[in-house]
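For reference, structure.tsv (TSV, C-alpha atoms):
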chain	number	residue	atom	x	y	z
U	5	MET	CA	0.00	0.00	0.00
U	6	ASN	CA	2.10	2.95	-1.37
U	7	GLY	CA	5.33	1.42	0.01
U	8	GLU	CA	3.95	1.33	3.55
U	9	ARG	CA	5.12	-1.36	5.89
U	10	ALA	CA	3.22	-3.00	8.73
U	11	THR	CA	5.88	-1.81	11.20
U	12	ASP	CA	5.53	1.88	10.23
U	13	GLY	CA	3.56	2.76	13.35
U	14	LEU	CA	6.55	1.95	15.55
U	15	PHE	CA	9.41	3.83	13.87
U	16	ARG	CA	8.96	5.33	10.41
U	17	LYS	CA	5.50	6.80	11.05
U	18	ASN	CA	5.31	6.65	14.82
U	19	THR	CA	1.78	6.97	16.17
U	20	VAL	CA	2.57	9.97	18.37
U	21	LEU	CA	5.67	11.62	16.90
U	22	TYR	CA	4.72	11.40	13.21
U	23	SER	CA	0.94	11.07	13.10
U	24	LEU	CA	0.32	13.23	16.21
U	25	MET	CA	-2.38	10.87	17.44
U	26	VAL	CA	-3.19	10.18	21.10
U	27	VAL	CA	-1.02	13.10	22.17
U	28	SER	CA	-3.03	14.35	25.16
U	29	PRO	CA	-2.40	11.31	27.44
U	30	VAL	CA	1.35	11.56	26.75
U	31	ILE	CA	1.38	15.24	27.70
U	32	VAL	CA	-0.83	15.06	30.78
U	33	CYS	CA	-0.22	11.54	32.16
U	34	GLY	CA	3.28	10.81	30.88
U	35	ASN	CA	4.99	12.41	33.88
U	36	THR	CA	5.71	9.28	35.94
U	37	ILE	CA	6.46	5.69	34.94
U	38	LYS	CA	3.64	4.34	37.14
U	39	ASN	CA	1.04	6.54	35.43
U	40	ALA	CA	2.48	5.63	32.05
U	41	LEU	CA	2.34	1.87	32.73
U	42	ALA	CA	-1.26	2.02	33.91
U	43	LEU	CA	-2.34	3.99	30.86
U	44	ILE	CA	-0.29	1.82	28.48
U	45	TYR	CA	-1.98	-1.29	29.82
U	46	VAL	CA	-5.52	0.02	29.35
U	47	PHE	CA	-4.78	1.73	26.03
U	48	SER	CA	-3.09	-1.33	24.51
U	49	ALA	CA	-5.73	-3.83	25.64
U	50	VAL	CA	-8.70	-1.66	24.69
U	51	THR	CA	-7.33	-0.47	21.35
U	52	PHE	CA	-6.14	-3.87	20.11
U	53	LEU	CA	-9.29	-5.75	21.09
U	54	SER	CA	-11.63	-2.96	19.93
U	55	VAL	CA	-10.10	-2.64	16.47
U	56	MET	CA	-9.95	-6.42	15.98
U	57	VAL	CA	-13.60	-6.85	17.01
U	58	SER	CA	-14.71	-3.77	15.03
U	59	SER	CA	-13.04	-5.15	11.89
U	60	PHE	CA	-15.99	-7.58	11.65
U	61	VAL	CA	-18.53	-4.74	11.33
U	62	PRO	CA	-19.89	-4.94	7.76
U	63	SER	CA	-18.81	-2.08	5.51
U	64	LYS	CA	-22.34	-1.89	4.05
U	65	ILE	CA	-23.43	-0.09	7.23
U	66	PRO	CA	-23.24	3.73	6.76
U	67	TYR	CA	-19.99	5.36	7.94
U	68	THR	CA	-21.64	7.31	10.76
U	69	LEU	CA	-23.22	4.22	12.26
U	70	ARG	CA	-19.97	2.26	11.90
U	71	VAL	CA	-18.06	4.90	13.90
U	72	ILE	CA	-20.73	4.85	16.62
U	73	ILE	CA	-20.49	1.03	16.74
U	74	TYR	CA	-16.66	1.21	17.01
U	75	ALA	CA	-16.92	3.68	19.93
U	76	SER	CA	-19.57	1.55	21.65
U	77	VAL	CA	-17.58	-1.68	21.20
U	78	SER	CA	-14.44	-0.08	22.63
U	79	SER	CA	-16.44	1.37	25.55
U	80	LEU	CA	-17.70	-2.14	26.34
U	81	ILE	CA	-14.19	-3.61	26.15
U	82	TYR	CA	-12.99	-0.75	28.38
U	83	ILE	CA	-15.07	-2.02	31.32
U	84	PRO	CA	-13.13	-5.25	32.11
U	85	ALA	CA	-9.83	-3.56	31.19
U	86	ARG	CA	-10.52	-0.80	33.70
U	87	ILE	CA	-11.58	-3.24	36.43
U	88	ALA	CA	-8.33	-5.18	35.94
U	89	SER	CA	-6.30	-1.96	35.91
U	90	ASP	CA	-7.80	-0.88	39.23
U	91	MET	CA	-6.68	-4.23	40.71
U	92	PHE	CA	-3.07	-3.87	39.48
U	93	PHE	CA	-2.74	-0.09	39.85
U	94	PRO	CA	-5.15	0.83	42.66
U	95	ASP	CA	-3.97	4.42	43.28
U	96	ILE	CA	-3.42	5.49	39.71
U	97	ALA	CA	-7.00	6.00	38.56
U	98	GLN	CA	-7.40	9.16	40.65
U	99	ARG	CA	-4.22	10.69	39.24
U	100	ILE	CA	-4.97	9.86	35.64
U	101	GLY	CA	-8.57	11.02	35.92
U	102	ILE	CA	-10.48	11.42	32.66
U	103	TYR	CA	-7.66	10.02	30.50
U	104	PHE	CA	-8.54	6.48	31.49
U	105	PRO	CA	-12.05	6.58	29.99
U	106	LEU	CA	-10.80	8.69	27.08
U	107	THR	CA	-8.64	5.75	25.93
U	108	ALA	CA	-11.93	4.04	25.08
U	109	VAL	CA	-12.56	6.52	22.25
U	110	ASN	CA	-9.02	7.31	21.11
U	111	SER	CA	-8.42	8.30	17.50
U	112	LEU	CA	-6.78	4.98	16.56
U	113	ILE	CA	-10.16	3.32	17.13
U	114	VAL	CA	-12.67	5.85	15.80
U	115	ILE	CA	-10.73	7.46	12.93
U	116	HIS	CA	-7.57	5.61	12.00
U	117	SER	CA	-9.21	2.19	11.85
U	118	GLU	CA	-11.42	3.30	8.94
U	119	LYS	CA	-8.69	5.29	7.20
U	120	LYS	CA	-6.02	2.65	7.38
U	121	PHE	CA	-6.44	-0.63	9.27
U	122	PHE	CA	-9.68	-1.91	7.72
U	123	LYS	CA	-8.23	-1.51	4.23
U	124	MET	CA	-5.60	-4.17	5.01
U	125	LYS	CA	-5.84	-7.95	5.19
U	126	ARG	CA	-6.55	-9.15	8.71
U	127	THR	CA	-3.06	-10.53	9.47
U	128	GLN	CA	-1.34	-7.42	8.17
U	129	MET	CA	-3.87	-5.30	10.06
U	130	ALA	CA	-3.09	-7.09	13.32
U	131	VAL	CA	0.66	-6.52	12.86
U	132	SER	CA	0.20	-2.88	11.84
U	133	LEU	CA	-2.16	-2.25	14.74
U	134	PHE	CA	0.25	-3.93	17.16
U	135	CYS	CA	3.10	-1.72	15.89
U	136	HIS	CA	1.00	1.44	16.16
U	137	ILE	CA	0.13	0.53	19.76
U	138	LEU	CA	3.80	-0.24	20.49
U	139	GLY	CA	4.70	3.12	18.97
U	140	PHE	CA	2.46	4.90	21.45
U	141	ASP	CA	3.69	2.72	24.34
U	142	ALA	CA	7.34	3.44	23.53
U	143	VAL	CA	6.84	7.21	23.36
U	144	MET	CA	4.79	7.14	26.56
U	145	LEU	CA	7.51	5.22	28.44
U	146	VAL	CA	10.40	7.32	27.13
U	147	THR	CA	8.53	10.53	27.96
U	148	ALA	CA	7.55	9.27	31.42
U	149	PHE	CA	11.10	8.13	32.17
U	150	PHE	CA	12.74	11.45	31.35
U	151	ARG	CA	10.00	13.62	32.83
U	152	GLU	CA	9.94	11.70	36.11
U	153	LEU	CA	13.74	11.70	36.35
U	154	LEU	CA	14.15	15.41	35.60
U	155	ALA	CA	11.02	16.66	37.40
U	156	TYR	CA	11.06	14.55	40.56
U	157	GLY	CA	14.50	12.93	40.61
U	158	THR	CA	13.00	9.44	40.72
U	159	ILE	CA	12.75	6.44	38.41
U	160	ASN	CA	9.57	4.46	39.02
U	161	SER	CA	9.28	6.15	42.45
U	162	ARG	CA	12.84	5.18	43.43
U	163	MET	CA	15.09	8.10	44.37
U	164	THR	CA	18.14	8.77	42.23
U	165	ASP	CA	21.19	10.91	42.81
U	166	ILE	CA	20.28	13.62	40.33
U	167	ASP	CA	21.13	17.17	41.44
U	168	VAL	CA	19.25	19.33	38.97
U	169	LEU	CA	15.46	19.15	39.01
U	170	ILE	CA	13.13	20.91	36.58
U	171	SER	CA	9.82	20.59	38.39
U	172	GLY	CA	7.89	22.18	35.50
U	173	LEU	CA	8.50	19.06	33.42
U	174	GLY	CA	6.04	17.25	35.67
U	175	GLU	CA	3.24	19.64	34.69
U	176	PRO	CA	1.23	19.55	31.44
U	177	PHE	CA	3.07	22.59	30.04
U	178	GLY	CA	6.33	20.71	30.57
U	179	GLY	CA	4.77	17.80	28.71
U	180	PHE	CA	3.99	20.02	25.70
U	181	ILE	CA	7.53	21.37	25.58
U	182	PHE	CA	9.18	17.97	26.09
U	183	LEU	CA	7.02	16.32	23.43
U	184	GLY	CA	7.72	19.17	20.99
U	185	LEU	CA	11.46	18.67	21.49
U	186	LEU	CA	11.09	14.90	21.13
U	187	CYS	CA	9.13	15.38	17.88
U	188	GLY	CA	11.88	17.63	16.54
U	189	VAL	CA	14.61	15.11	17.42
U	190	TYR	CA	12.55	12.29	15.86
U	191	ARG	CA	12.13	14.26	12.64
U	192	LYS	CA	15.84	15.02	12.46
U	193	LEU	CA	16.73	11.34	12.95
U	194	SER	CA	14.10	10.36	10.35
U	195	SER	CA	15.47	12.74	7.75
U	196	VAL	CA	19.07	11.68	8.46
U	197	SER	CA	18.20	7.97	8.14
U	198	GLY	CA	16.12	8.75	5.06
U	199	ASN	CA	19.10	10.49	3.45
U	200	LYS	CA	21.42	7.58	4.35
U	201	ASN	CA	19.05	5.11	2.63
U	202	GLY	CA	19.06	7.33	-0.42
U	203	GLY	CA	16.24	9.55	-1.69
U	204	GLY	CA	14.99	10.74	1.66
U	205	LYS	CA	13.47	14.20	1.76
U	206	ASN	CA	13.51	16.83	4.47
U	207	PHE	CA	10.52	16.74	6.70
U	208	SER	CA	7.78	19.12	5.75
U	209	ASP	CA	4.22	19.49	7.00
U	210	LYS	CA	2.88	20.50	3.58
S	103	MET	CA	-5.19	17.86	19.93
S	104	SER	CA	-4.64	16.76	16.34
S	105	THR	CA	-7.97	18.40	15.43
S	106	LEU	CA	-6.61	21.68	16.80
S	107	PHE	CA	-3.52	21.42	14.61
S	108	ILE	CA	-5.50	20.39	11.52
S	109	SER	CA	-7.83	23.39	11.81
S	110	ALA	CA	-5.09	25.89	12.69
S	111	ASP	CA	-3.97	26.54	9.11
S	112	SER	CA	-7.22	28.15	7.99
S	113	ARG	CA	-9.57	30.57	9.77
S	114	LYS	CA	-12.59	29.09	8.01
S	115	LYS	CA	-11.72	25.52	9.08
S	116	LEU	CA	-11.07	26.80	12.58
S	117	LEU	CA	-14.40	28.61	12.82
S	118	ILE	CA	-16.47	25.69	11.54
S	119	THR	CA	-14.66	23.07	13.67
S	120	SER	CA	-14.89	25.22	16.81
S	121	CYS	CA	-18.61	25.90	16.32
S	122	ILE	CA	-19.37	22.23	15.78
S	123	ILE	CA	-17.33	21.19	18.82
S	124	THR	CA	-19.11	23.85	20.92
S	125	VAL	CA	-22.49	22.48	19.78
S	126	PHE	CA	-21.40	18.94	20.70
S	127	THR	CA	-20.08	19.96	24.13
S	128	SER	CA	-23.12	22.11	24.99
S	129	LEU	CA	-25.75	19.60	23.88
S	130	GLY	CA	-23.70	16.64	25.12
S	131	ALA	CA	-23.75	18.22	28.57
S	132	VAL	CA	-27.52	17.60	28.64
S	133	PHE	CA	-26.79	13.88	28.41
S	134	ALA	CA	-24.18	14.29	31.16
S	135	CYS	CA	-26.88	15.84	33.36
S	136	PHE	CA	-29.19	12.90	32.69
S	137	ALA	CA	-26.35	10.43	33.40
S	138	ASP	CA	-25.63	12.00	36.78
S	139	ARG	CA	-29.27	11.71	37.81
S	140	VAL	CA	-29.90	8.20	36.55
S	141	ILE	CA	-26.65	6.19	36.52
S	142	PRO	CA	-25.54	5.06	40.00
S	143	ARG	CA	-21.92	5.56	41.13
S	144	SER	CA	-21.31	1.81	41.14
S	145	MET	CA	-21.84	1.75	37.36
S	146	GLU	CA	-19.34	4.54	36.57
S	147	TYR	CA	-17.28	2.15	34.41
S	148	GLY	CA	-20.23	2.17	32.02
S	149	LEU	CA	-20.02	5.96	31.56
S	150	PRO	CA	-17.85	5.78	28.39
S	151	LEU	CA	-20.49	3.51	26.82
S	152	TYR	CA	-23.30	5.83	27.81
S	153	TYR	CA	-21.47	8.92	26.54
S	154	SER	CA	-20.48	7.16	23.30
S	155	VAL	CA	-24.11	6.32	22.58
S	156	SER	CA	-25.22	9.85	23.55
S	157	VAL	CA	-22.64	11.52	21.33
S	158	GLY	CA	-23.61	9.05	18.61
S	159	ILE	CA	-27.23	10.20	18.82
S	160	LEU	CA	-26.12	13.84	18.69
S	161	TYR	CA	-23.86	13.01	15.73
S	162	ILE	CA	-26.78	11.60	13.74
S	163	LEU	CA	-29.10	14.47	14.75
S	164	LEU	CA	-26.52	17.10	13.78
S	165	LEU	CA	-25.88	15.48	10.39
S	166	PHE	CA	-29.64	15.30	9.79
S	167	GLY	CA	-30.14	18.90	10.92
S	168	VAL	CA	-27.38	20.23	8.65
S	169	TYR	CA	-28.70	18.15	5.73
S	170	MET	CA	-32.21	19.56	6.14
S	171	THR	CA	-31.14	23.21	6.63
S	172	LYS	CA	-27.91	23.61	4.64
S	173	ARG	CA	-28.21	21.03	1.90
S	174	LYS	CA	-26.04	23.05	-0.48
S	175	HIS	CA	-23.07	23.02	1.93
S	176	PHE	CA	-23.76	19.60	3.48
S	177	ALA	CA	-20.90	17.78	1.70
S	178	GLU	CA	-18.41	20.35	3.03
S	179	ILE	CA	-19.78	20.67	6.58
S	180	LYS	CA	-20.20	16.94	7.21
S	181	LYS	CA	-16.40	16.44	7.11
S	182	TYR	CA	-16.08	18.69	10.16
S	183	ILE	CA	-18.90	16.90	11.95
S	184	HIS	CA	-17.20	13.54	11.33
S	185	VAL	CA	-13.93	14.85	12.79
S	186	SER	CA	-15.59	16.55	15.77
S	187	ALA	CA	-18.04	13.88	16.94
S	188	PHE	CA	-15.79	11.61	19.00
S	189	ASN	CA	-13.09	14.19	19.45
S	190	CYS	CA	-11.35	14.16	22.83
S	191	ALA	CA	-12.49	17.77	23.37
S	192	VAL	CA	-16.10	16.59	23.32
S	193	MET	CA	-15.70	13.35	25.26
S	194	GLY	CA	-13.22	14.95	27.67
S	195	THR	CA	-15.72	17.73	28.42
S	196	LEU	CA	-18.42	15.22	29.35
S	197	PHE	CA	-16.09	13.35	31.69
S	198	THR	CA	-14.79	16.59	33.19
S	199	ILE	CA	-18.31	17.85	33.89
S	200	ASN	CA	-19.15	14.50	35.48
S	201	GLY	CA	-16.03	14.74	37.66
S	202	LYS	CA	-16.83	18.31	38.72
S	203	THR	CA	-20.45	17.58	39.66
S	204	GLN	CA	-19.41	14.58	41.78
S	205	MET	CA	-17.48	16.95	44.03
S	206	LEU	CA	-20.47	19.24	44.58
S	207	GLU	CA	-22.69	18.78	47.61
S	208	SER	CA	-25.99	18.81	45.74
S	209	GLN	CA	-27.07	17.95	42.19
S	210	PRO	CA	-26.69	21.09	40.04
S	211	ALA	CA	-29.36	22.29	37.63
S	212	LEU	CA	-29.38	21.54	33.89
S	213	SER	CA	-28.23	25.09	33.16
S	214	TYR	CA	-24.96	24.39	35.05
S	215	TYR	CA	-24.23	21.49	32.71
S	216	ILE	CA	-25.04	23.45	29.56
S	217	LEU	CA	-22.94	26.41	30.71
S	218	SER	CA	-20.02	24.08	31.51
S	219	GLY	CA	-20.31	22.55	28.05
S	220	LEU	CA	-20.44	25.99	26.46
S	221	GLU	CA	-17.42	27.07	28.52
S	222	ALA	CA	-15.42	24.08	27.26
S	223	GLY	CA	-16.38	24.80	23.66
S	224	LEU	CA	-15.35	28.43	24.01
S	225	GLY	CA	-12.11	27.26	25.61
S	226	PHE	CA	-11.44	25.23	22.47
S	227	VAL	CA	-12.15	28.32	20.35
S	228	THR	CA	-9.71	30.38	22.45
S	229	ALA	CA	-6.98	27.74	22.19
S	230	SER	CA	-7.55	27.56	18.41
S	231	LEU	CA	-7.27	31.35	18.09
S	232	VAL	CA	-4.02	31.30	20.06
S	233	LEU	CA	-2.68	28.65	17.72
S	234	VAL	CA	-3.85	30.16	14.44
S	235	SER	CA	-2.26	33.50	15.33
S	236	ALA	CA	1.17	31.88	15.37
S	237	TYR	CA	0.66	29.12	12.81
S	238	ARG	CA	2.19	30.90	9.82
S	239	LYS	CA	5.27	32.00	11.73
S	240	LEU	CA	5.82	28.56	13.24
S	241	SER	CA	5.53	26.97	9.78
S	242	SER	CA	7.83	29.50	8.07
S	243	GLU	CA	11.25	28.71	6.65
S	244	LYS	CA	12.93	30.64	9.45
S	245	VAL	CA	12.15	27.73	11.78
S	246	PRO	CA	14.58	24.78	11.40
S	247	ALA	CA	13.04	22.05	9.23
S	248	SER	CA	12.99	19.46	12.02
S	249	PHE	CA	10.93	21.76	14.26
S	250	ARG	CA	8.82	23.43	11.59
S	251	GLY	CA	5.04	23.05	12.11
S	252	PHE	CA	3.86	20.60	14.77
S	253	PRO	CA	6.96	20.41	17.02
S	254	ALA	CA	7.23	24.20	17.18
S	255	MET	CA	3.47	24.44	17.83
S	256	LEU	CA	3.75	22.01	20.73
S	257	ILE	CA	6.57	24.07	22.28
S	258	TYR	CA	4.60	27.28	21.65
S	259	LEU	CA	1.50	25.80	23.31
S	260	GLY	CA	3.67	24.69	26.24
S	261	ILE	CA	4.91	28.22	26.79
S	262	ILE	CA	1.39	29.67	26.57
S	263	SER	CA	0.18	26.95	28.94
S	264	MET	CA	2.99	27.81	31.37
S	265	ALA	CA	1.84	31.44	31.38
S	266	VAL	CA	-1.77	30.42	32.08
S	267	TYR	CA	-0.61	27.95	34.75
S	268	SER	CA	1.30	30.70	36.55
S	269	LEU	CA	-1.90	32.76	36.77
S	270	GLY	CA	-3.57	29.95	38.64
S	271	VAL	CA	-0.71	29.32	41.10
Write out the structure in this file as structure tokens.
Amino acid sequence: MNGERATDGLFRKNTVLYSLMVVSPVIVCGNTIKNALALIYVFSAVTFLSVMVSSFVPSKIPYTLRVIIYASVSSLIYIPARIASDMFFPDIAQRIGIYFPLTAVNSLIVIHSEKKFFKMKRTQMAVSLFCHILGFDAVMLVTAFFRELLAYGTINSRMTDIDVLISGLGEPFGGFIFLGLLCGVYRKLSSVSGNKNGGGKNFSDK
Amino acid sequence: MSTLFISADSRKKLLITSCIITVFTSLGAVFACFADRVIPRSMEYGLPLYYSVSVGILYILLLFGVYMTKRKHFAEIKKYIHVSAFNCAVMGTLFTINGKTQMLESQPALSYYILSGLEAGLGFVTASLVLVSAYRKLSSEKVPASFRGFPAMLIYLGIISMAVYSLGV
């Protein structure tokens, strides 16, 4: 499909850094590793199962109704995922707040599934979906690691010996700035690796 | 968030998207009011399902309403409705209103919900205006290629957010 690979969602066209999808949870909740792990668990389980189940919805049904069905299916799958998450991460739900239920209607499920995943064969779709989810998980973990280390001086709530703390990185505005810098670094690495492989072009939004 | 960036490059796109999101948040708040009165606390895990169905109903009604009243422009406007329906600005508003009302001592009136929804929609409009004012400069050739567009916009939004945060501290 236009030279696209199933693994694009992880590196070449990373879910967050390239496609700018599911950005809000990374910015708001990606400030500690514990928050990140709880959100990753729910997001991954809900998104994978929802898209796989929704792929059986007949395409004869009008687009609007299909999108409503996708959102409803993912909201149903969210219920057991959330119950399990509360068992494994009992204190996290309060801190993450509305971003837990918002994973049930993330853009990978309601928009990207129609645009991309459902146009593929099922096996390829599963691999592509898995890579897109991994792409989000990787960015979430990397962001949480650096933000927790630099904002609070801890790694997964364990104190480290770091002297300089930038407490603003733990706040949403710090998340915006950190993610913007990460996007810029990702683009630079993409264009450098594109040039090395021959025929790569400089990143442009237009 | 991605909706904000997509609409930032054109004032017309911005205006239409913001209006549609404001309609969704304001009318969706009515469903949030109903949910608070009817759905017990023990069933809060079912809230995403309830809100998805509610927004779905609004989605269909809005498409029908635009088709009946603005048939000439329906093909153009429906794209914005499709993008706005299950947007995190809309769903997030419903969950936020639900969270706020749970902390109040007594059940607020319907007008409180509608005003909260309207407030959220207008907040989206304000954020969009802030972004569109800087969009051209952040996408210009003076910005290094790696940071041009979205990365620069994220950093810009972070700085604006920091200023707003400091007002609240």
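Across U:Val189, U:Glu152, U:Leu69, U:Phe104, the tightest approach to Ser28 in chain U is made by U:Phe104 when counting all atoms listed in the file.
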> What gap, in Å, lies between CA of Ser111 in chain U and CA of Val61 in chain U?
Replying inline: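 Rounded to one decimal, the two atoms are 17.6 Å apart.
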>> Using all atoms listed in the file and a distance of at most 8 Å, pull out the residues of chain S that contact chain U, as a ChimeraX atom specification.
In response: /S:103-104,147-148,150-151,154-155,158,161-162,184,188-190,193-194,197-198,247-261,263-264
> How far is it from CA of Tyr182 in chain S to CA of Leu112 in chain U, in Å with one decimal?
Replying inline: 17.8 Å
>> Residues within 8 Å of Ala148 in chain U, please, as a VMD selection string. Count only C-alpha atoms; anything in the same chain fewer than 2 positions from it doesn't count.
In response: chain U and resid 34 to 37 40 144 to 146 150 to 152
>> Give me the residues near Ala222 in chain S as a list in words, where near means some atom within 9 Å (using all atoms listed in the file) and where sequence neighbours in that chain fewer than 6 positions away do not count.
In response: Thr124, Thr127, Ser128, Ala191, Val192 and Thr195 of chain S
> With all atoms listed in the file as the basis for distance, which of S:Phe136, S:Gly130, S:Leu212, S:Cys121 is at the shortest distance from Ile159 in chain S?
Replying inline: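 Closest residue, counting all atoms listed in the file: S:Gly130.
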>> Could you tell me how far CA of Tyr267 in chain S sits from CA of Ile170 in chain U, in Å to one decimal place?
In response: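 Value for the CA of Ile170 in chain U-CA of Tyr267 in chain S distance: 15.5 Å.
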>> Which residue is closest to Ser120 in chain S? Choose from S:Leu149, S:Leu196, S:Leu217, S:Ile183 and count all atoms listed in the file.
In response: S:Ile183
>> I want to know what sits within 10 Å of Val55 in chain U, based on all atoms listed in the file, with residues of the same chain fewer than 2 positions away left out; could you give that as an MDAnalysis selection string?
In response: chainID U and resid 50:53 57:60 74:75 77:78 112:114 116:118 121:122 129:130 133
> Within 10 Å of (-19.2, 25.2, 28.3), only C-alpha atoms: residues as number ranges by chain?
Replying inline: S: 124-125, 127-129, 131, 195, 199, 214-226
